[in-house]
Amino acid sequence: MLAIEASNVVKSFGDFTALKSISLNIRKGEFVAITGKSGSGKSTLFYSLSGLDVIDSGHVLVLGNNIHNLPQEDLHDFRNTKMGFVFQFHYLVSELTGLENILLPAKKKNLHKEKREYALYLLDYFAIAHCKDKLPSQMSGGERQRVAVARSLIMNPEIIFADEPTGNLDSINSEIVMNIFREINLKNKTTVILITHDDEYAHLADKEIRLKDGEIESDISHKK
């Protein structure tokens with residue numbers, strides 16, 4: 001089964017066409033890197049595939065659902081339960097602890113009590129149990145990003161979208177975060193879609209989709 005099927009996706013900003021009739025398939029359980037130079041359209045594609053932005057034409061099926069045809073409330077619920085998001089900036093809520101930040105997606109569904117044990121497991125698994133009661137301002141950059149990754153996993157999503165998740169991290173923490181994504185993909189069969197400008201991290205993926213000027217320049221398998 002396909003995790004994502006995009007057909008003839010077009011996205012413009014005024015007179016500028018950022019995506020020019022993009023079509024692609026991503027299988028369930030696949031780890032895919034989307035790469036390209038600045039301005040190539042990779043972040044626009046990220047937002048279009050995840051339903052975070054509205055497309056001009058074409059369609060995007062996520063787990064068989066045409067997400068751009070869903071009512072906003074249904075789309076928000078679908079994203080909260082089926083997708084996890086990690087960005088370059090952690091976007092933690094400053095007045096909440098590490099544990100409370102991780103549980104935020106669960107709280108939206110009133111599942112925070114049921115998910116508490118899993119949140120504690122993730123804190124321990126990512127070696128940030130000491131951040132349970134810390135505010136983001138009391139954490140290091142690497143700790144904040146690992147809390148953000150844990151938050152993206154709390155609802156056991158089928159797809160993780162990660163947009164330059166190592167962009168603000170040093171090399172050691174970058175490697176930790178990337179190893180987490182690789183392990184999640186291999187262990188849980190979670191589909192991972194990674195936006196990156198780093199060739200080394202792109203080669204960790206099963207497949208690399210490279211964009212140039214809003215079009216797919218290449219689609220390369222990295223499977224051994």
# chains A, B, ... in the order shown; residues from 1 in each chain; ligands from 1
>>> residues_around(residues="A:Gly39", least_positions_apart="2", cutoff="10 Å", atoms="only C-alpha atoms", output="NGL selection string")
:A and (18 or 36-37 or 41-44 or 211-214)
>>> residues_around(residues="A:Ile209", least_positions_apart="5", cutoff="8 Å", atoms="only C-alpha atoms", output="ChimeraX atom specification")
/A:32-35,216-220
>>> closest_residue(among="A:Glu143, A:Glu73, A:Glu117, A:Glu158", to="A:Glu30", atoms="only C-alpha atoms")
A:Glu158
>>> residues_around(residues="stretch 96-109 of chain A", least_positions_apart="4", cutoff="12 Å", atoms="only C-alpha atoms", output="MDAnalysis selection string")
chainID A and resid 76:85 90:92 113:124 128:140 143:157
>>> select_by_dssp(residues="chain A", states="strand (DSSP E or B)", output="ChimeraX atom specification")
/A:2-13,16-27,31-35,57-62,65-66,83-86,159-163,191-195,207-212,215-221
>>> closest_atom_pairs(of="stretch 4-52 of chain A", to="stretch 65-69 of chain A", cutoff="10 Å", atoms="only C-alpha atoms", output="CSV")
residue,atom,partner,partner_atom,distance
A:Ile4,CA,A:Asn65,CA,9.1
A:Glu5,CA,A:Asn66,CA,9.3
A:Ala6,CA,A:Asn66,CA,9.6
A:Ser48,CA,A:His68,CA,8.9
A:Leu49,CA,A:Ile67,CA,8.7
A:Ser50,CA,A:Ile67,CA,8.1
A:Gly51,CA,A:Ile67,CA,6.3
A:Leu52,CA,A:His68,CA,9.6
>>> write_last_selection(atoms="N, CA and C atoms", output="tab-separated table (two decimals), in the first residue's frame")
chain	number	residue	atom	x	y	z
A	4	ILE	N	1.84	7.66	0.40
A	4	ILE	CA	1.50	8.92	-0.28
A	4	ILE	C	1.51	8.71	-1.78
A	5	GLU	N	0.48	9.24	-2.43
A	5	GLU	CA	0.42	9.26	-3.89
A	5	GLU	C	0.07	10.68	-4.31
A	6	ALA	N	1.01	11.33	-4.98
A	6	ALA	CA	0.78	12.69	-5.46
A	6	ALA	C	0.74	12.67	-6.99
A	48	SER	N	2.84	20.66	0.95
A	48	SER	CA	1.76	20.22	0.07
A	48	SER	C	1.39	18.76	0.33
A	49	LEU	N	2.40	17.91	0.55
A	49	LEU	CA	2.15	16.49	0.79
A	49	LEU	C	1.48	16.25	2.13
A	50	SER	N	1.76	17.11	3.10
A	50	SER	CA	1.23	16.92	4.45
A	50	SER	C	-0.08	17.64	4.69
A	51	GLY	N	-0.52	18.44	3.72
A	51	GLY	CA	-1.76	19.19	3.88
A	51	GLY	C	-1.60	20.44	4.72
A	52	LEU	N	-0.37	20.83	5.02
A	52	LEU	CA	-0.14	22.06	5.77
A	52	LEU	C	-0.33	23.29	4.89
>>> atom_distance(atom1="atom CA of A:Ala205", atom2="atom CA of A:Ser57")
28.6 Å
>>> select_by_dssp(residues="stretch 17-204 of chain A", states="helix (DSSP H, G or I)", output="PyMOL selection string")
chain A and resi 42-50+67-69+72-82+98-102+104-108+112-125+129-131+136-138+141-153+171-188+199-202
>>> residues_around(residues="stretch 181-188 of chain A", least_positions_apart="3", cutoff="8 Å", atoms="only C-alpha atoms", output="PyMOL selection string")
chain A and resi 29-31+177-178+191-192+204-205
>>> write_last_selection(atoms="C-alpha atoms", output="PDB file, in the first residue's frame")
ATOM      1  CA  GLY A  29       7.372   1.951   5.608  1.00  0.00           C
ATOM      2  CA  GLU A  30       9.705   3.737   3.208  1.00  0.00           C
ATOM      3  CA  PHE A  31      12.329   6.263   4.308  1.00  0.00           C
ATOM      4  CA  VAL A 177      18.386  12.629  15.792  1.00  0.00           C
ATOM      5  CA  MET A 178      19.035  10.983  12.418  1.00  0.00           C
ATOM      6  CA  THR A 191       7.157   6.018   6.890  1.00  0.00           C
ATOM      7  CA  VAL A 192       9.697   8.844   7.205  1.00  0.00           C
ATOM      8  CA  LEU A 204      20.519   7.130   4.993  1.00  0.00           C
ATOM      9  CA  ALA A 205      17.161   7.024   3.222  1.00  0.00           C
TER      10      ALA A 205
END
>>> residues_around(residues="A:Ser12", least_positions_apart="4", cutoff="8 Å", atoms="only C-alpha atoms", output="list in words")
Phe16, Thr17, Ala18, Leu19, Ile55 and Asp56 of chain A
>>> write_last_selection(atoms="N, CA and C atoms", output="tab-separated table (two decimals), in the first residue's frame")
chain	number	residue	atom	x	y	z
A	16	PHE	N	4.81	33.19	-9.28
A	16	PHE	CA	5.89	32.20	-9.18
A	16	PHE	C	5.31	30.80	-8.95
A	17	THR	N	5.64	29.87	-9.84
A	17	THR	CA	5.19	28.48	-9.70
A	17	THR	C	6.27	27.69	-8.98
A	18	ALA	N	5.98	27.32	-7.73
A	18	ALA	CA	6.98	26.63	-6.90
A	18	ALA	C	7.04	25.14	-7.20
A	19	LEU	N	5.87	24.54	-7.52
A	19	LEU	CA	5.81	23.12	-7.89
A	19	LEU	C	5.13	23.01	-9.24
A	55	ILE	N	-2.89	23.27	-2.22
A	55	ILE	CA	-2.33	23.21	-3.55
A	55	ILE	C	-3.27	23.87	-4.55
A	56	ASP	N	-2.73	24.25	-5.71
A	56	ASP	CA	-3.55	24.88	-6.76
A	56	ASP	C	-4.32	23.85	-7.57
>>> atom_distance(atom1="atom CA of A:Arg210", atom2="atom CA of A:Asn179")
21.7 Å
>>> closest_residue(among="A:Ile176, A:Leu70, A:Ala162, A:Val10", to="A:Val86", atoms="only C-alpha atoms")
A:Ala162
>>> atom_distance(atom1="atom CA of A:Val54", atom2="atom CA of A:Asp163")
17.6 Å
>>> closest_residue(among="A:Ile26, A:Phe161, A:His222, A:Leu2", to="A:Glu200", atoms="only C-alpha atoms")
A:His222
